[in-house]
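Student: For reference, the file my_file.txt (compact mmCIF, C-alpha atoms and all ligand atoms) is included below:
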# COMPACT_ATOMS: atom_id res chain seq x y z
CA MET A 1 5.36 5.74 22.63
CA ILE A 2 5.02 6.58 18.91
CA GLU A 3 8.67 7.59 18.85
CA GLU A 4 9.86 4.34 20.47
CA ASN A 5 7.67 2.23 18.21
CA VAL A 6 8.93 3.93 15.05
CA ALA A 7 12.55 3.61 16.17
CA ALA A 8 12.15 -0.09 16.99
CA LEU A 9 10.38 -0.85 13.70
CA LEU A 10 12.89 1.09 11.60
CA GLU A 11 15.72 -0.70 13.36
CA GLU A 12 14.22 -4.12 12.78
CA ILE A 13 13.32 -3.60 9.13
CA SER A 14 16.69 -2.03 8.39
CA ARG A 15 17.97 -5.58 7.90
CA GLY A 16 15.86 -5.77 4.73
CA ASN A 17 14.19 -8.89 3.40
CA PRO A 18 15.80 -12.27 2.56
CA PHE A 19 16.08 -11.19 -1.08
CA GLY A 20 18.54 -8.48 -0.10
CA GLU A 21 16.05 -5.68 -0.69
CA LYS A 22 15.44 -2.62 1.43
CA VAL A 23 12.04 -2.59 3.17
CA THR A 24 10.00 0.61 3.30
CA LEU A 25 7.85 1.34 6.34
CA VAL A 26 4.56 3.09 5.55
CA ALA A 27 2.71 4.41 8.61
CA ALA A 28 -1.02 3.68 8.25
CA THR A 29 -2.65 6.83 9.60
CA LYS A 30 -6.39 6.08 9.52
CA THR A 31 -8.21 7.55 12.55
CA ARG A 32 -4.98 9.17 13.81
CA THR A 33 -4.74 12.87 14.55
CA GLU A 34 -2.51 15.29 12.69
CA GLU A 35 -0.39 15.62 15.80
CA GLU A 36 0.16 11.85 15.95
CA VAL A 37 1.05 11.81 12.26
CA ARG A 38 3.54 14.66 12.71
CA ARG A 39 5.16 12.86 15.64
CA ALA A 40 5.62 9.71 13.56
CA ILE A 41 7.23 11.70 10.74
CA ARG A 42 9.53 13.51 13.15
CA ALA A 43 10.51 10.10 14.52
CA GLY A 44 11.71 9.00 11.07
CA ILE A 45 8.68 7.82 9.08
CA CYS A 46 9.27 8.54 5.37
CA ALA A 47 5.91 7.45 3.98
CA VAL A 48 2.36 7.56 5.31
CA GLY A 49 -0.72 5.77 4.00
CA GLU A 50 -4.29 6.97 4.44
CA ASN A 51 -7.46 4.95 3.80
CA ARG A 52 -10.14 7.52 3.23
CA VAL A 53 -9.99 10.30 0.68
CA GLN A 54 -11.60 12.79 3.03
CA GLU A 55 -9.02 12.10 5.74
CA PHE A 56 -6.22 12.17 3.17
CA THR A 57 -7.29 15.65 2.11
CA LYS A 58 -7.89 16.92 5.62
CA LYS A 59 -4.55 15.66 6.99
CA TYR A 60 -2.52 16.40 3.88
CA SER A 61 -0.55 19.28 5.42
CA ALA A 62 0.44 17.00 8.33
CA PHE A 63 2.04 14.60 5.81
CA GLU A 64 4.73 17.17 5.02
CA GLY A 65 8.17 15.61 5.19
CA ALA A 66 6.88 12.18 4.14
CA GLU A 67 5.51 10.63 0.96
CA ALA A 68 1.71 10.54 1.05
CA HIS A 69 0.29 7.20 -0.09
CA PHE A 70 -3.33 6.15 -0.50
CA ILE A 71 -4.01 2.60 0.70
CA GLY A 72 -7.80 2.29 1.08
CA ARG A 73 -10.61 1.29 -1.18
CA LEU A 74 -11.04 4.05 -3.74
CA GLN A 75 -14.27 5.20 -5.35
CA THR A 76 -13.92 6.34 -8.94
CA ASN A 77 -15.56 9.71 -8.24
CA LYS A 78 -12.95 10.54 -5.56
CA VAL A 79 -9.84 9.96 -7.69
CA LYS A 80 -9.71 13.65 -8.52
CA TYR A 81 -8.72 14.53 -4.95
CA LEU A 82 -5.63 12.32 -5.07
CA ILE A 83 -4.00 13.14 -8.40
CA GLY A 84 -0.98 15.36 -7.88
CA LYS A 85 -1.01 14.62 -4.15
CA ALA A 86 -0.67 10.87 -3.69
CA ALA A 87 2.87 9.68 -4.40
CA LEU A 88 1.53 6.12 -4.68
CA ILE A 89 -1.96 4.60 -4.81
CA HIS A 90 -1.71 1.03 -3.46
CA SER A 91 -5.29 -0.03 -4.09
CA VAL A 92 -6.00 -0.29 -7.82
CA ASP A 93 -8.42 -3.22 -7.70
CA ARG A 94 -10.40 -2.86 -10.94
CA ASP A 95 -9.95 -1.74 -14.53
CA GLY A 96 -12.47 1.10 -14.32
CA LEU A 97 -10.56 2.68 -11.46
CA ALA A 98 -7.27 2.38 -13.35
CA ARG A 99 -8.80 4.04 -16.42
CA GLU A 100 -10.19 6.89 -14.34
CA ILE A 101 -6.84 7.50 -12.62
CA SER A 102 -5.05 7.52 -15.96
CA SER A 103 -7.53 9.85 -17.62
CA LEU A 104 -7.48 12.39 -14.76
CA ALA A 105 -3.70 12.21 -14.47
CA GLU A 106 -3.37 12.75 -18.21
CA ARG A 107 -5.54 15.84 -17.96
CA LYS A 108 -3.21 17.21 -15.29
CA ASN A 109 -0.11 16.25 -17.27
CA ALA A 110 0.86 13.94 -14.47
CA VAL A 111 1.86 10.30 -14.25
CA GLN A 112 0.29 8.53 -11.29
CA ARG A 113 2.29 5.76 -9.61
CA VAL A 114 0.09 2.85 -8.58
CA LEU A 115 0.15 -0.71 -7.28
CA ILE A 116 -2.22 -3.45 -8.41
CA GLU A 117 -4.12 -4.90 -5.47
CA VAL A 118 -4.24 -8.67 -5.30
CA ASN A 119 -6.78 -10.59 -3.23
CA ALA A 120 -4.15 -13.02 -2.00
CA GLY A 121 -6.47 -15.14 0.11
CA GLY A 122 -9.38 -15.11 -2.33
CA GLU A 123 -11.57 -13.53 0.34
CA GLU A 124 -15.11 -12.48 -0.52
CA SER A 125 -14.91 -9.38 1.69
CA LYS A 126 -11.74 -7.99 0.11
CA GLY A 127 -11.09 -6.12 -3.09
CA GLY A 128 -8.38 -6.90 -5.58
CA PHE A 129 -7.68 -9.09 -8.56
CA SER A 130 -7.38 -12.81 -8.04
CA ALA A 131 -3.83 -14.14 -8.27
CA GLU A 132 -4.74 -15.82 -11.56
CA GLU A 133 -6.00 -12.60 -13.16
CA THR A 134 -3.25 -10.36 -11.89
CA LEU A 135 -0.78 -10.60 -14.77
CA PHE A 136 -3.56 -10.05 -17.31
CA ALA A 137 -4.76 -7.04 -15.33
CA LEU A 138 -1.20 -5.75 -15.23
CA GLU A 139 -0.95 -6.04 -18.97
CA ARG A 140 -4.13 -4.02 -19.52
CA ILE A 141 -3.45 -1.44 -16.83
CA SER A 142 0.19 -0.84 -17.66
CA ALA A 143 -0.90 0.04 -21.22
CA LEU A 144 -2.78 3.09 -19.90
CA PRO A 145 -0.92 6.29 -20.79
CA ALA A 146 -0.71 8.22 -17.52
CA LEU A 147 -0.18 5.41 -15.05
CA LYS A 148 3.04 3.87 -13.88
CA VAL A 149 2.48 0.47 -12.33
CA CYS A 150 5.21 0.03 -9.70
CA GLY A 151 4.20 -3.31 -8.26
CA LEU A 152 1.65 -5.27 -6.27
CA MET A 153 -0.21 -4.80 -2.99
CA ALA A 154 -1.80 -7.55 -0.93
CA MET A 155 -3.61 -7.88 2.37
CA LEU A 156 -3.22 -11.29 3.90
CA PRO A 157 -6.27 -12.81 5.62
CA LEU A 158 -6.72 -12.35 9.35
CA SER A 159 -5.64 -15.76 10.55
CA GLU A 160 -3.54 -17.46 13.19
CA ASP A 161 -2.54 -20.14 10.73
CA GLU A 162 1.10 -19.24 10.08
CA ALA A 163 1.58 -22.01 7.52
CA LEU A 164 -1.35 -20.72 5.48
CA LEU A 165 -0.15 -17.12 5.75
CA SER A 166 3.41 -18.07 4.72
CA ARG A 167 2.08 -20.00 1.76
CA LEU A 168 -0.02 -17.05 0.60
CA ALA A 169 2.80 -14.56 1.20
CA SER A 170 5.36 -16.59 -0.72
CA GLY A 171 2.78 -17.05 -3.48
CA MET A 172 2.56 -13.26 -3.65
CA ARG A 173 6.34 -13.02 -3.87
CA LYS A 174 6.32 -15.47 -6.81
CA LEU A 175 3.63 -13.46 -8.55
CA TYR A 176 5.63 -10.29 -7.93
CA GLU A 177 8.72 -11.87 -9.49
CA GLU A 178 6.75 -12.97 -12.55
CA ALA A 179 5.40 -9.45 -12.87
CA ARG A 180 8.90 -8.03 -12.56
CA GLU A 181 10.20 -10.29 -15.32
CA ARG A 182 7.44 -9.34 -17.71
CA PHE A 183 6.92 -5.64 -17.07
CA GLU A 184 9.16 -2.59 -16.72
CA GLY A 185 9.44 -0.71 -13.47
CA ILE A 186 8.00 -3.28 -11.07
CA GLU A 187 9.83 -2.81 -7.77
CA ILE A 188 7.31 -2.78 -4.92
CA LEU A 189 5.59 -5.62 -3.10
CA SER A 190 3.40 -3.93 -0.47
CA MET A 191 2.40 -6.62 2.00
CA GLY A 192 2.33 -6.84 5.79
CA MET A 193 0.48 -5.00 8.58
CA SER A 194 0.87 -4.91 12.37
CA GLY A 195 -0.14 -8.55 12.83
CA ASP A 196 1.83 -10.13 10.02
CA TRP A 197 4.66 -7.84 8.92
CA ARG A 198 7.50 -10.09 10.09
CA LEU A 199 6.02 -13.05 8.23
CA ALA A 200 5.42 -10.85 5.15
CA ILE A 201 9.03 -9.61 5.09
CA ALA A 202 10.38 -13.11 5.68
CA ASN A 203 8.51 -14.13 2.53
CA GLY A 204 9.75 -11.24 0.42
CA SER A 205 7.66 -8.14 1.04
CA ASN A 206 9.58 -4.90 0.55
CA MET A 207 6.95 -2.45 1.82
CA VAL A 208 4.90 -2.83 4.99
CA ARG A 209 1.90 -0.72 6.05
CA ILE A 210 1.73 -0.43 9.81
CA GLY A 211 -0.79 1.39 12.01
CA THR A 212 -1.47 -0.24 15.36
CA ALA A 213 2.16 -1.20 16.06
CA ILE A 214 3.12 2.47 15.67
CA PHE A 215 0.18 4.39 17.12
CA GLY A 216 -1.46 1.84 19.44
CA ALA A 217 -4.94 0.32 19.23
CA ARG A 218 -7.48 2.21 17.16
CA ASN A 219 -10.75 3.40 18.66
CA PRO A 220 -13.63 1.79 16.84
CA VAL A 221 -15.15 4.25 14.34
C1 LIG B 1 -5.35 -0.15 8.52
C2 LIG B 1 -4.55 -0.66 7.40
C3 LIG B 1 -3.23 -1.10 7.58
C4 LIG B 1 -2.57 -1.13 8.95
O1 LIG B 1 -3.25 -1.93 9.83
P1 LIG B 1 -2.67 -2.24 11.30
O2 LIG B 1 -3.19 -3.58 11.61
O3 LIG B 1 -3.22 -1.18 12.18
O4 LIG B 1 -1.20 -2.18 11.21
C5 LIG B 1 -2.54 -1.53 6.48
N1 LIG B 1 -3.08 -1.55 5.25
C6 LIG B 1 -4.33 -1.15 5.03
C7 LIG B 1 -4.87 -1.18 3.65
C8 LIG B 1 -5.11 -0.70 6.09
O5 LIG B 1 -6.36 -0.31 5.87
Here is a file; write its structure as structure tokens.

Tutor:
Amino acid sequence: MIEENVAALLEEISRGNPFGEKVTLVAATKTRTEEEVRRAIRAGICAVGENRVQEFTKKYSAFEGAEAHFIGRLQTNKVKYLIGKAALIHSVDRDGLAREISSLAERKNAVQRVLIEVNAGGEESKGGFSAEETLFALERISALPALKVCGLMAMLPLSEDEALLSRLASGMRKLYEEARERFEGIEILSMGMSGDWRLAIANGSNMVRIGTAIFGARNPV
């Protein structure tokens, strides 16, 4: 099952996005066992994304052979567990978090790669900078010494309204292109999950984070 799902997804995204860019598949591993994670990596997954720091740490050895990303909401006091281990932190959603990552990375002589999280749908329940603030946030955060901002991350709202989702996703692509024009090293737009990854790629995402469509439905936790 996992093997077939990974193969089918890799095949489909191998066509890239309409901007001629390669699309990276990140397997979202929250609630999955180490054995499931290892199977996905053996099946060809090159990057995994975990949501909780404790699970990231516990499963870290199972991530061998893939890049380990952190994609969940991150508390400032848990940053220390990720530095030196997370190849990319997708969820930088506030200045204080960015400063803490930079200061801990600096202490370890490391440079932490991060994405700036954007609240694309302006949802109360979600973290991230508003679209309007994002370029200002990028300016402040990319000035920090031990961070490398590689792009933007967005979660689209849960909605059946395809027109709305396409509008938000293409708005994110525009924001990403503005960011890329103004700042060095911007190359990732992380957008799209099991329910909306095709729409996200069609609108210019180049990194999708997929859990359910690889591993099956999650048990409620
Ligand atoms: C769980 C999660 C995903 C994947 O969700 P699915 O719907 O299972 O594909 C992607 N991104 C983030 C931040 C997540 O928490």

Student: Of the residues A:Ala163, A:Ala137, A:Gly151, A:Lys78, which is the one nearest to Glu181 of chain A, using only C-alpha atoms?

Tutor: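 The shortest atom-to-atom distance to Glu181 of chain A comes from A:Gly151.
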
Student: Can you work out the spacing between atom CA of Gly72 of chain A and atom CA of Glu55 of chain A in Å, to one decimal?

Tutor: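 Atom CA of Glu55 of chain A lies at a distance of 10.9 Å from atom CA of Gly72 of chain A.
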
Student: Pick from A:Val23, A:Cys46, A:Ile89, A:Leu104: nearest to ligand LIG 1 (chain B), with only C-alpha atoms and all ligand atoms counted?

Tutor: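 Smallest distance to ligand LIG 1 (chain B) is found for A:Ile89.
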
Student: Name the closest residue to Ile41 of chain A among the candidates A:Val111, A:Leu88, A:Val6, A:Ala154; distances are taken between atoms, counting all atoms listed in the file.

Tutor: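 Going through A:Val111, A:Leu88, A:Val6, A:Ala154 one by one, the smallest distance to Ile41 of chain A is for A:Val6.
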
Student: Quick one: distance from atom CA of Ser91 of chain A to atom CA of Glu35 of chain A in Å, one decimal?

Tutor: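 Between atom CA of Ser91 of chain A and atom CA of Glu35 of chain A the gap is 25.8 Å.
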
Student: Return as JSON lines the residues of chain A lying at most 7 Å from ligand LIG 1 (chain B), together with the closest atom-to-atom pair for each and the distance in Å to one decimal, counting all atoms listed in the file, with rows in chain order and ascending residue number.

Tutor:
{"residue": "A:Ala28", "atom": "CA", "partner": "B:LIG1", "partner_atom": "C4", "distance": 5.1}
{"residue": "A:Lys30", "atom": "CA", "partner": "B:LIG1", "partner_atom": "C1", "distance": 6.4}
{"residue": "A:Asn51", "atom": "CA", "partner": "B:LIG1", "partner_atom": "O5", "distance": 5.8}
{"residue": "A:Ile71", "atom": "CA", "partner": "B:LIG1", "partner_atom": "C7", "distance": 4.9}
{"residue": "A:Gly72", "atom": "CA", "partner": "B:LIG1", "partner_atom": "C7", "distance": 5.2}
{"residue": "A:Met155", "atom": "CA", "partner": "B:LIG1", "partner_atom": "C7", "distance": 6.9}
{"residue": "A:Met193", "atom": "CA", "partner": "B:LIG1", "partner_atom": "O4", "distance": 4.2}
{"residue": "A:Ser194", "atom": "CA", "partner": "B:LIG1", "partner_atom": "O4", "distance": 3.6}
{"residue": "A:Gly195", "atom": "CA", "partner": "B:LIG1", "partner_atom": "O2", "distance": 6.0}
{"residue": "A:Arg209", "atom": "CA", "partner": "B:LIG1", "partner_atom": "C5", "distance": 4.5}
{"residue": "A:Ile210", "atom": "CA", "partner": "B:LIG1", "partner_atom": "O4", "distance": 3.7}
{"residue": "A:Gly211", "atom": "CA", "partner": "B:LIG1", "partner_atom": "O3", "distance": 3.5}
{"residue": "A:Thr212", "atom": "CA", "partner": "B:LIG1", "partner_atom": "O3", "distance": 3.7}
{"residue": "A:Ala213", "atom": "CA", "partner": "B:LIG1", "partner_atom": "O4", "distance": 6.0}

Student: Around the point (9.2, -5.5, -8.0) (coordinates from the file), which residues reach within 6 Å if we count all atoms listed in the file? Answer as a PDB file with C-alpha atoms, in the frame of the given file.

Tutor:
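In the end it all went to out23.pdb:
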ATOM      1  CA  GLY A 151       4.200  -3.310  -8.260  1.00  0.00           C
ATOM      2  CA  TYR A 176       5.630 -10.290  -7.930  1.00  0.00           C
ATOM      3  CA  ARG A 180       8.900  -8.030 -12.560  1.00  0.00           C
ATOM      4  CA  ILE A 186       8.000  -3.280 -11.070  1.00  0.00           C
ATOM      5  CA  GLU A 187       9.830  -2.810  -7.770  1.00  0.00           C
ATOM      6  CA  ILE A 188       7.310  -2.780  -4.920  1.00  0.00           C
TER       7      ILE A 188
END

Student: Tell me, as a list in words, which residues lie within 9 Å of Arg113 of chain A, counting only C-alpha atoms; anything in the same chain fewer than 6 positions away does not count.

Tutor: Ala86, Ala87, Leu88, Ile89, His90, Ala146, Leu147, Lys148, Val149 and Cys150 of chain A

Student: Given all atoms listed in the file as the basis, pick out the residue of A:Leu175, A:Met1, A:Glu34, A:Lys80 nearest to Phe63 of chain A.

Tutor: A:Glu34

Student: The residues within 10 Å of (-5.2, -9.1, -5.0), using all atoms listed in the file and the coordinates of the file, should be reported as a list in words; which are they?

Tutor: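 I get Ser91, Val92, Asp93, Ile116, Glu117, Val118, Asn119, Ala120, Gly121, Gly122, Glu123, Lys126, Gly127, Gly128, Phe129, Ser130, Ala131, Glu132, Glu133, Thr134, Leu152, Met153, Ala154, Met155, Leu156 and Met172 of chain A for the residues within 10 Å of that point.
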
Student: Could you please determine the separation between atom CA of Arg173 of chain A and atom CA of Glu139 of chain A in Å, to one decimal place?

Tutor: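 Interatomic distance, atom CA of Arg173 of chain A to atom CA of Glu139 of chain A: 18.2 Å.
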